[in-house]
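**Q** Contents of entry.txt (compact mmCIF, C-alpha atoms and all ligand atoms):
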```
# COMPACT_ATOMS: atom_id res chain seq x y z
CA MET A 1 -15.03 11.34 -4.68
CA PRO A 2 -14.76 8.21 -2.49
CA PRO A 3 -17.05 7.98 0.54
CA ALA A 4 -15.51 9.94 3.39
CA THR A 5 -13.61 8.16 6.12
CA ARG A 6 -15.27 9.22 9.34
CA LYS A 7 -13.11 11.40 11.51
CA LEU A 8 -13.69 10.86 15.20
CA LYS A 9 -12.29 13.12 17.84
CA LYS A 10 -10.15 11.36 20.39
CA SER A 11 -11.57 11.86 23.87
CA THR A 12 -8.12 12.77 25.19
CA GLY A 13 -7.61 15.83 23.02
CA SER A 14 -8.73 17.89 20.08
CA ARG A 15 -6.50 16.07 17.55
CA SER A 16 -8.76 14.16 15.23
CA THR A 17 -7.66 10.77 13.96
CA THR A 18 -8.66 9.19 10.70
CA LEU A 19 -9.79 5.75 11.70
CA GLY A 20 -10.05 2.84 9.28
CA LYS A 21 -8.22 4.76 6.56
CA ASN A 22 -6.30 1.79 5.16
CA THR A 23 -9.19 -0.64 5.37
CA LEU A 24 -11.57 1.69 3.59
CA ALA A 25 -9.04 2.61 0.90
CA GLU A 26 -8.36 -1.09 0.28
CA ILE A 27 -12.05 -1.93 0.05
CA LEU A 28 -12.60 0.86 -2.46
CA SER A 29 -9.51 -0.13 -4.46
CA GLN A 30 -10.96 -3.52 -5.38
CA PRO A 31 -12.04 -2.78 -8.97
CA ARG A 32 -8.60 -1.29 -9.67
CA ILE A 33 -6.85 -4.27 -8.06
CA TRP A 34 -9.01 -6.67 -10.07
CA ALA A 35 -7.98 -4.90 -13.30
CA GLU A 36 -4.34 -5.10 -12.23
CA THR A 37 -4.80 -8.79 -11.39
CA GLN A 38 -6.15 -9.48 -14.88
CA GLU A 39 -3.24 -7.61 -16.45
CA ARG A 40 -0.67 -9.48 -14.35
CA LEU A 41 -2.27 -12.85 -15.04
CA ARG A 42 -2.08 -12.07 -18.75
CA SER A 43 1.49 -10.81 -18.79
CA SER A 44 2.92 -13.53 -16.52
CA GLY A 45 1.28 -16.47 -18.26
CA ILE A 46 0.76 -18.01 -14.82
CA LEU A 47 -2.68 -19.41 -15.64
CA ASP A 48 -1.30 -21.37 -18.59
CA GLN A 49 1.47 -22.70 -16.37
CA LEU A 50 -1.02 -23.77 -13.69
CA ALA A 51 -3.41 -25.27 -16.24
CA ASP A 52 -0.54 -27.39 -17.57
CA VAL A 53 0.03 -28.95 -14.16
CA PHE A 54 -3.29 -28.94 -12.32
CA SER A 55 -6.39 -30.67 -13.66
CA PRO A 56 -10.14 -29.95 -13.49
CA LYS A 57 -10.81 -33.67 -13.85
CA THR A 58 -9.52 -34.99 -10.54
CA PRO A 59 -10.37 -34.02 -6.93
CA TRP A 60 -9.01 -30.87 -5.28
CA LEU A 61 -8.47 -30.07 -1.64
CA PHE A 62 -8.15 -26.46 -0.44
CA VAL A 63 -6.60 -25.65 2.95
CA GLY A 64 -6.60 -22.37 4.88
CA CYS A 65 -7.51 -20.53 8.08
CA GLY A 66 -9.96 -17.67 8.70
CA SER A 67 -10.87 -15.79 5.54
CA SER A 68 -8.53 -18.02 3.56
CA TYR A 69 -10.55 -21.00 4.77
CA TYR A 70 -13.86 -19.48 3.63
CA LEU A 71 -12.22 -18.54 0.34
CA SER A 72 -11.12 -22.17 0.05
CA ARG A 73 -14.67 -23.41 0.59
CA LEU A 74 -16.07 -20.91 -1.88
CA ILE A 75 -13.64 -21.90 -4.65
CA ALA A 76 -14.16 -25.60 -3.87
CA ALA A 77 -17.94 -25.10 -4.19
CA LEU A 78 -17.42 -23.44 -7.58
CA TRP A 79 -15.07 -26.21 -8.70
CA THR A 80 -17.69 -28.82 -7.79
CA LYS A 81 -20.40 -26.88 -9.57
CA TYR A 82 -18.51 -26.19 -12.79
CA PHE A 83 -16.33 -29.28 -13.20
CA GLN A 84 -18.55 -31.88 -11.52
CA ILE A 85 -15.60 -33.14 -9.50
CA ASP A 86 -14.99 -33.65 -5.80
CA ALA A 87 -13.54 -30.50 -4.31
CA THR A 88 -13.61 -29.37 -0.73
CA GLY A 89 -11.89 -27.05 1.68
CA ILE A 90 -10.84 -27.61 5.26
CA PRO A 91 -9.28 -25.53 8.01
CA ALA A 92 -5.56 -26.30 8.20
CA SER A 93 -5.97 -27.49 11.78
CA GLU A 94 -8.28 -30.31 10.64
CA LEU A 95 -5.66 -31.59 8.24
CA LEU A 96 -3.13 -31.59 11.06
CA PHE A 97 -5.38 -33.54 13.39
CA ALA A 98 -6.40 -36.18 10.84
CA PRO A 99 -4.22 -36.09 7.70
CA ASP A 100 -4.78 -39.66 6.53
CA GLU A 101 -8.51 -39.49 7.06
CA ILE A 102 -8.82 -36.22 5.16
CA LEU A 103 -6.60 -37.19 2.26
CA ARG A 104 -8.42 -40.52 1.98
CA GLN A 105 -11.85 -38.89 2.07
CA SER A 106 -11.02 -36.11 -0.37
CA ARG A 107 -9.03 -38.44 -2.69
CA ALA A 108 -7.17 -35.27 -3.64
CA GLU A 109 -3.80 -35.42 -5.32
CA GLN A 110 -3.74 -31.66 -5.79
CA VAL A 111 -3.89 -29.48 -2.71
CA VAL A 112 -4.08 -25.70 -2.58
CA LEU A 113 -2.65 -24.07 0.54
CA MET A 114 -4.20 -20.64 0.83
CA SER A 115 -2.67 -17.96 3.04
CA ARG A 116 -2.48 -14.22 2.37
CA SER A 117 0.54 -13.86 4.65
CA GLY A 118 2.07 -17.23 3.82
CA GLU A 119 3.09 -17.24 7.47
CA THR A 120 0.10 -18.75 9.32
CA THR A 121 1.60 -21.53 11.44
CA GLU A 122 -1.17 -24.08 10.91
CA VAL A 123 -0.97 -23.67 7.12
CA LEU A 124 2.83 -24.01 7.21
CA ARG A 125 2.56 -27.14 9.31
CA ALA A 126 0.01 -28.54 6.85
CA ALA A 127 2.40 -27.77 3.99
CA GLU A 128 5.27 -29.50 5.82
CA LEU A 129 3.11 -32.53 6.39
CA LEU A 130 2.04 -32.69 2.73
CA LYS A 131 5.64 -32.31 1.56
CA SER A 132 6.39 -35.80 2.79
CA ARG A 133 3.64 -37.22 0.52
CA LYS A 134 5.73 -37.32 -2.59
CA THR A 135 2.88 -37.91 -5.07
CA LEU A 136 0.93 -34.81 -4.07
CA LEU A 137 0.97 -31.58 -6.07
CA THR A 138 0.74 -28.58 -3.77
CA LEU A 139 -0.01 -25.00 -4.76
CA GLY A 140 0.84 -22.28 -2.24
CA VAL A 141 -1.28 -19.18 -2.81
CA THR A 142 -0.15 -16.06 -0.99
CA CYS A 143 0.19 -12.28 -1.26
CA ASN A 144 3.66 -12.29 0.27
CA LYS A 145 6.62 -12.51 -2.10
CA GLN A 146 8.94 -13.88 0.57
CA SER A 147 6.74 -16.25 2.47
CA VAL A 148 7.81 -19.47 4.11
CA LEU A 149 4.82 -21.17 2.45
CA GLU A 150 6.34 -20.72 -1.02
CA LYS A 151 9.32 -22.83 -0.04
CA LEU A 152 7.17 -25.72 1.14
CA CYS A 153 4.97 -26.20 -1.93
CA THR A 154 5.63 -27.79 -5.32
CA HIS A 155 4.09 -24.75 -7.06
CA THR A 156 3.28 -21.20 -6.03
CA PHE A 157 1.02 -18.37 -7.07
CA THR A 158 1.80 -14.99 -5.52
CA LEU A 159 -0.42 -11.92 -5.76
CA ASP A 160 1.71 -9.41 -3.87
CA TRP A 161 -0.04 -6.45 -5.55
CA ALA A 162 -3.32 -7.43 -3.85
CA ASP A 163 -1.93 -7.52 -0.31
CA GLU A 164 -3.39 -5.21 2.33
CA LYS A 165 -1.78 -3.00 4.94
CA SER A 166 -4.75 -3.55 7.20
CA MET A 167 -5.35 -6.55 9.38
CA VAL A 168 -8.35 -8.05 7.63
CA MET A 169 -8.55 -9.57 4.17
CA THR A 170 -10.75 -7.69 1.73
CA ARG A 171 -9.18 -7.15 -1.69
CA SER A 172 -6.79 -10.10 -1.35
CA PHE A 173 -9.85 -12.34 -0.85
CA THR A 174 -11.60 -11.08 -4.00
CA ALA A 175 -8.40 -10.93 -6.11
CA ILE A 176 -7.53 -14.54 -5.29
CA LEU A 177 -11.13 -15.57 -5.94
CA LEU A 178 -11.14 -13.90 -9.36
CA SER A 179 -7.78 -15.45 -10.24
CA PHE A 180 -9.11 -18.93 -9.54
CA GLN A 181 -12.24 -18.11 -11.49
CA ALA A 182 -10.03 -17.05 -14.41
CA LEU A 183 -8.25 -20.40 -14.07
CA GLY A 184 -11.67 -22.07 -13.98
CA ALA A 185 -12.68 -20.25 -17.17
CA LYS A 186 -9.47 -21.49 -18.80
CA PHE A 187 -10.28 -25.05 -17.73
CA LEU A 188 -13.79 -24.69 -19.15
CA ASN A 189 -12.36 -23.36 -22.39
CA GLU A 190 -15.46 -21.24 -23.01
CA SER A 191 -15.26 -17.58 -23.91
CA GLU A 192 -18.35 -16.33 -22.02
CA PRO A 193 -17.08 -16.75 -18.41
CA ALA A 194 -13.70 -15.19 -19.25
CA GLU A 195 -15.32 -12.23 -21.01
CA ALA A 196 -17.68 -11.68 -18.08
CA LEU A 197 -14.74 -11.60 -15.67
CA ASN A 198 -12.84 -9.17 -17.91
CA LYS A 199 -15.71 -6.67 -17.84
CA LEU A 200 -16.03 -6.81 -14.07
CA PRO A 201 -13.52 -4.14 -12.92
CA ASN A 202 -15.20 -1.36 -14.91
CA GLN A 203 -18.70 -2.41 -13.99
CA ALA A 204 -17.81 -2.80 -10.32
CA ALA A 205 -16.10 0.60 -10.15
CA THR A 206 -19.29 2.40 -11.17
CA TRP A 207 -21.40 0.25 -8.86
CA LEU A 208 -19.11 0.80 -5.88
CA GLU A 209 -19.23 4.59 -6.19
CA GLU A 210 -22.99 4.50 -5.87
CA ILE A 211 -23.34 1.75 -3.29
CA ALA A 212 -20.59 2.61 -0.79
CA PRO A 213 -22.14 5.82 0.62
CA ARG A 214 -25.55 4.12 0.91
CA ILE A 215 -24.18 1.21 2.95
CA GLN A 216 -22.06 3.52 5.09
CA ASN A 217 -24.98 5.85 5.81
CA TYR A 218 -27.23 2.97 6.76
CA ALA A 219 -24.66 1.46 9.14
CA ARG A 220 -23.95 4.86 10.70
CA THR A 221 -27.59 5.48 11.48
CA HIS A 222 -28.77 2.01 12.53
CA ALA A 223 -27.38 0.05 15.46
CA PHE A 224 -27.93 -3.71 15.84
CA LYS A 225 -26.92 -6.25 18.45
CA ASP A 226 -26.75 -9.19 16.05
CA TYR A 227 -25.81 -9.58 12.44
CA VAL A 228 -26.91 -12.59 10.41
CA PHE A 229 -25.82 -13.56 6.91
CA LEU A 230 -27.71 -16.07 4.79
CA GLY A 231 -26.90 -17.76 1.49
CA GLN A 232 -27.31 -21.07 -0.30
CA ASN A 233 -24.67 -23.20 -1.99
CA ALA A 234 -21.53 -21.16 -2.85
CA HIS A 235 -23.26 -18.07 -1.42
CA TYR A 236 -23.24 -19.79 1.98
CA TRP A 237 -19.44 -19.40 2.03
CA LEU A 238 -19.77 -15.74 1.11
CA ALA A 239 -22.18 -15.48 4.06
CA GLN A 240 -19.61 -17.11 6.37
CA GLU A 241 -16.94 -14.70 5.20
CA ALA A 242 -19.33 -11.74 5.59
CA GLY A 243 -20.02 -12.78 9.19
CA LEU A 244 -16.30 -13.05 9.87
CA LYS A 245 -15.74 -9.57 8.38
CA ILE A 246 -18.34 -7.93 10.67
CA THR A 247 -16.94 -9.76 13.68
CA GLU A 248 -13.31 -8.94 12.87
CA ILE A 249 -13.71 -5.32 11.84
CA SER A 250 -16.38 -4.20 14.29
CA SER A 251 -16.15 -6.66 17.21
CA SER A 252 -19.81 -7.49 16.62
CA TYR A 253 -21.65 -10.75 17.01
CA ALA A 254 -22.43 -12.33 13.64
CA GLN A 255 -23.78 -15.66 12.48
CA ALA A 256 -24.09 -17.31 9.08
CA TYR A 257 -26.52 -19.99 7.91
CA HIS A 258 -27.75 -21.63 4.77
CA SER A 259 -30.75 -19.38 4.04
CA MET A 260 -33.39 -22.08 4.48
CA GLU A 261 -31.72 -23.39 7.65
CA PHE A 262 -32.51 -20.10 9.38
CA ARG A 263 -36.09 -21.29 9.87
CA HIS A 264 -34.86 -24.32 11.81
CA GLY A 265 -34.10 -22.64 15.11
CA PRO A 266 -32.00 -19.54 14.44
CA ARG A 267 -35.09 -17.50 13.55
CA SER A 268 -35.69 -17.13 17.27
CA ILE A 269 -33.05 -14.39 17.16
CA ALA A 270 -34.96 -12.33 14.53
CA GLY A 271 -36.25 -9.02 15.87
CA PRO A 272 -35.61 -5.28 15.82
CA ASP A 273 -32.05 -5.75 17.13
CA THR A 274 -31.08 -8.02 14.25
CA LEU A 275 -29.86 -7.12 10.79
CA ILE A 276 -30.33 -10.11 8.50
CA THR A 277 -28.50 -9.98 5.18
CA ILE A 278 -29.60 -12.36 2.44
CA LEU A 279 -27.01 -13.04 -0.26
CA VAL A 280 -29.41 -14.08 -2.98
CA SER A 281 -28.38 -16.79 -5.44
CA ASP A 282 -30.06 -17.54 -8.76
CA ALA A 283 -31.10 -21.05 -7.74
CA ALA A 284 -32.64 -20.07 -4.40
CA ALA A 285 -33.98 -16.58 -5.28
CA GLU A 286 -37.65 -17.51 -5.27
CA GLU A 287 -37.51 -19.19 -1.86
CA GLU A 288 -35.23 -16.48 -0.47
CA GLU A 289 -37.81 -13.87 -1.48
CA LYS A 290 -40.43 -15.69 0.63
CA LEU A 291 -37.96 -15.94 3.51
CA CYS A 292 -37.25 -12.22 3.22
CA ALA A 293 -40.96 -11.36 3.69
CA GLU A 294 -41.23 -13.84 6.56
CA LEU A 295 -38.24 -12.42 8.45
CA LYS A 296 -39.44 -8.87 7.88
CA SER A 297 -42.74 -9.79 9.49
CA LEU A 298 -40.78 -10.91 12.59
CA GLY A 299 -39.52 -7.34 12.98
CA ALA A 300 -35.94 -7.88 11.82
CA ALA A 301 -34.18 -5.36 9.58
CA ILE A 302 -33.38 -6.93 6.23
CA CYS A 303 -30.54 -6.24 3.86
CA VAL A 304 -30.76 -7.92 0.47
CA VAL A 305 -27.79 -8.38 -1.85
CA VAL A 306 -29.16 -9.43 -5.22
CA ASN A 307 -28.32 -8.92 -8.86
CA ARG A 308 -31.75 -7.56 -9.79
CA ALA A 309 -34.45 -7.09 -7.19
CA THR A 310 -37.94 -8.44 -7.65
CA PRO A 311 -40.90 -6.44 -6.23
CA GLY A 312 -40.90 -8.76 -3.18
CA PHE A 313 -37.28 -8.02 -2.30
CA ARG A 314 -37.92 -4.32 -2.86
CA LYS A 315 -40.95 -4.30 -0.58
CA HIS A 316 -39.48 -6.26 2.31
CA SER A 317 -35.90 -4.99 2.49
CA ASP A 318 -34.59 -2.09 4.56
CA LEU A 319 -31.29 -1.90 2.71
CA LEU A 320 -31.42 -3.11 -0.88
CA ILE A 321 -28.08 -3.65 -2.59
CA GLU A 322 -28.56 -4.42 -6.25
CA LEU A 323 -25.51 -5.50 -8.22
CA ALA A 324 -27.28 -4.80 -11.55
CA LEU A 325 -24.51 -6.56 -13.46
CA ASP A 326 -25.00 -7.87 -16.97
CA ALA A 327 -22.99 -10.91 -16.01
CA PRO A 328 -23.71 -14.55 -15.17
CA GLU A 329 -23.64 -15.56 -11.51
CA PHE A 330 -20.14 -16.99 -12.05
CA ALA A 331 -18.78 -13.44 -12.39
CA ARG A 332 -20.73 -11.87 -9.54
CA TYR A 333 -19.32 -13.57 -6.42
CA ALA A 334 -16.46 -11.11 -5.87
CA VAL A 335 -18.81 -8.12 -6.08
CA SER A 336 -21.22 -9.80 -3.63
CA ALA A 337 -18.40 -9.96 -1.07
CA ILE A 338 -17.98 -6.16 -0.92
CA PRO A 339 -21.14 -5.06 0.98
CA ALA A 340 -19.95 -6.86 4.14
CA HIS A 341 -16.56 -5.12 3.87
CA LEU A 342 -18.28 -1.73 3.84
CA LEU A 343 -20.83 -2.68 6.48
CA GLY A 344 -18.19 -3.99 8.87
CA THR A 345 -16.03 -0.89 8.48
CA ALA A 346 -18.95 1.49 9.00
CA VAL A 347 -20.22 -0.43 12.04
CA GLY A 348 -16.71 -0.41 13.52
CA LEU A 349 -16.45 3.35 13.02
CA ARG A 350 -19.89 3.90 14.54
CA LYS A 351 -18.70 1.99 17.60
CA GLY A 352 -15.64 4.23 17.82
CA LEU A 353 -13.26 1.40 16.85
CA ASP A 354 -10.39 1.53 14.40
CA PRO A 355 -11.05 -0.95 11.56
CA ASP A 356 -7.32 -0.83 10.71
CA SER A 357 -6.48 -2.35 14.10
CA PRO A 358 -9.23 -4.72 15.18
CA LYS A 359 -9.26 -5.81 18.79
CA ASN A 360 -7.25 -8.95 19.65
CA LEU A 361 -6.20 -9.64 16.05
CA THR A 362 -2.93 -10.00 14.22
CA ARG A 363 -2.51 -10.19 10.45
CA ALA A 364 -1.59 -13.86 10.72
CA VAL A 365 -1.78 -16.31 13.58
CA VAL A 366 1.83 -17.24 14.21
CA LEU A 367 2.09 -19.73 17.04
CA ASP A 368 5.25 -19.84 19.08
CA SER A 369 7.01 -23.05 20.08
CA GLU A 370 5.02 -23.03 23.34
CA HIS A 371 2.00 -24.09 21.24
CA LYS A 372 2.37 -27.82 20.88
CA ARG A 373 1.66 -29.41 17.53
CA PRO A 374 -1.88 -30.81 17.44
CA THR A 375 -2.15 -34.45 18.41
CA LYS A 376 -3.47 -36.67 15.64
CA ARG A 377 -6.84 -38.30 16.18
CA SER A 378 -6.40 -42.02 16.72
CA GLY A 379 -6.64 -43.99 13.48
CA ALA A 380 -6.16 -40.80 11.42
C1 LIG A 401 -5.58 -16.03 7.95
C2 LIG A 401 -6.22 -15.23 9.08
C3 LIG A 401 -6.98 -14.00 8.57
C4 LIG A 401 -7.56 -13.21 9.72
C5 LIG A 401 -6.66 -13.03 10.94
C6 LIG A 401 -5.63 -14.08 11.16
O1 LIG A 401 -4.45 -15.41 7.47
O2 LIG A 401 -7.12 -16.09 9.74
O3 LIG A 401 -8.03 -14.39 7.73
O4 LIG A 401 -8.04 -11.96 9.26
O5 LIG A 401 -6.24 -11.75 11.18
O6 LIG A 401 -5.23 -14.80 9.99
P1 LIG A 401 -3.64 -15.95 6.23
O7 LIG A 401 -3.19 -17.36 6.54
O8 LIG A 401 -4.54 -15.90 5.04
O9 LIG A 401 -2.47 -15.01 6.13
```
Would you mind writing the file out in structure tokens?

**A**
Amino acid sequence: MPPATRKLKKSTGSRSTTLGKNTLAEILSQPRIWAETQERLRSSGILDQLADVFSPKTPWLFVGCGSSYYLSRLIAALWTKYFQIDATGIPASELLFAPDEILRQSRAEQVVLMSRSGETTEVLRAAELLKSRKTLLTLGVTCNKQSVLEKLCTHTFTLDWADEKSMVMTRSFTAILLSFQALGAKFLNESEPAEALNKLPNQAATWLEEIAPRIQNYARTHAFKDYVFLGQNAHYWLAQEAGLKITEISSSYAQAYHSMEFRHGPRSIAGPDTLITILVSDAAAEEEEKLCAELKSLGAAICVVVNRATPGFRKHSDLLIELALDAPEFARYAVSAIPAHLLGTAVGLRKGLDPDSPKNLTRAVVLDSEHKRPTKRSGA
């Protein structure tokens, strides 16, 4: 039985409304969508087609906005780590302001344009701009079968089955991430990473059933003014995305830092009104355990997301989320993204908001003709 969507009575009448129904259903559908993604990747042969054209030996540039930007940075960090190549991600707006500078710096001849909707104006403008650079390979990644983006790129990869009804990206983020990781495993030509990814949907389904009610209960019963997410290396981009999720879904104030950077100023925020979530990575685990104890002693509430908790993490955390996966770190990133989805939804519901319709947001930022094109920086 999935964790219950909280039913809140509307103040204007006795009719109760199920708030956040789509968002919650989409969050909980992730293991199923991941299994479907694997099946579709297999049956379509798309990874072989992409691996024939794109190369793990030369630099990559990833472009996106919002969650698609953080996804870009996360995949770029993994590309750098696993292929020892230059790979980076930038917000689409930056490419528009300084295209020459960015293409020169990145040295990329293969550019991924990431956009769930395929309709975000800044990403489309970036694609238009890149179209005129005839030597560039461009890959448009979207969840929309009929997007404008597809028409502007040399190659496309569409995951329409992973799209959401709700405003915020949850399962599309993790499905795209896992697809690129499957492409990465193909590039590496090693069986272990691919096998680990294949096992993930089943393992994550069991984990999610246990973890979802715990996160929801905690968020329902604890109110915070500030939310902080910490992580090192690729986990830093998961932390950024987690902060964006809390902000988007629950209109809450959230910040993200490299874990060790939190000591350099931001720790002044730590106190009983702050929930600090540490997304623990293998490389930084020992230092992050010390940081966890230190931040606990400042009175902050601590949430730890870790594969297997050490006694230190157990002792100093208020909400411990263990992934407990028999999988290398490579295969655990998508699962690590889920706690923030659940936390954001539960916080939004506690605040009486509807996570399906976050305040001030649209599914994609489509700028009308009133919005002038960005002016290029001089010399760019
Ligand atoms: C990017 C995005 C979303 C965000 C928001 C507006 O969309 O920034 O991440 O949740 O509602 O758009 P897309 O380009 O990936 O479709």

**Q** If I take CA of Ala270 in chain A and CA of Lys359 in chain A, how far is one from the other in Å, to one decimal?

**A**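 Going from CA of Ala270 in chain A over to CA of Lys359 in chain A, I get 26.9 Å.
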
**Q** Taking only C-alpha atoms and all ligand atoms into account, report as a VMD selection string which residues have an atom no farther than 7 Å from an atom of ligand LIG 401 (chain A).

**A** chain A and resid 64 to 68 114 to 120 123 167 to 169 361 to 365

**Q** Between A:Val366, A:Ala127, A:Ala337, A:Ala194, which residue has the minimum interatomic distance to Tyr236 in chain A, considering all atoms listed in the file?

**A**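 Answer, going by the shortest atom-to-atom distance: A:Ala337.
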
**Q** Would you mind telling me which residue in A:Leu74, A:Cys143, A:Leu238, A:Leu208 lies nearest to Ala87 in chain A when using all atoms listed in the file?

**A**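 That would be A:Leu74, the residue with the smallest distance to Ala87 in chain A.
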
**Q** Which residue gives the smallest distance to Arg220 in chain A among A:Ile276, A:Ile75, A:Leu342, A:Leu137, with only C-alpha atoms counted?

**A** A:Leu342

**Q** Just give me the gap between CA of Ile90 in chain A and CA of Val63 in chain A in Å, one decimal is fine.

**A**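 Interatomic distance here is 5.2 Å.
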
**Q** Taking 2 positions as the minimum chain separation for residues in the same chain, which residues sit within 9 Å of Phe313 in chain A when counting only C-alpha atoms? Answer as JSON, numbers by chain.

**A** {"A": [288, 289, 290, 292, 293, 304, 306, 309, 310, 311, 315, 316, 317, 320]}

**Q** What does the distance between CA of Asn307 in chain A and CA of Gly231 in chain A come to in Å, to one decimal place?

**A**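 Atom-to-atom, CA of Asn307 in chain A to CA of Gly231 in chain A, that is 13.7 Å.
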
**Q** Tell me, as a PyMOL selection string, which residues lie within 9 Å of range 153-161 of chain A, counting only C-alpha atoms; anything in the same chain fewer than 5 positions away does not count.

**A** chain A and resi 33+36-37+40+46+50+113+116+127-128+130-131+136-145+172+175-176
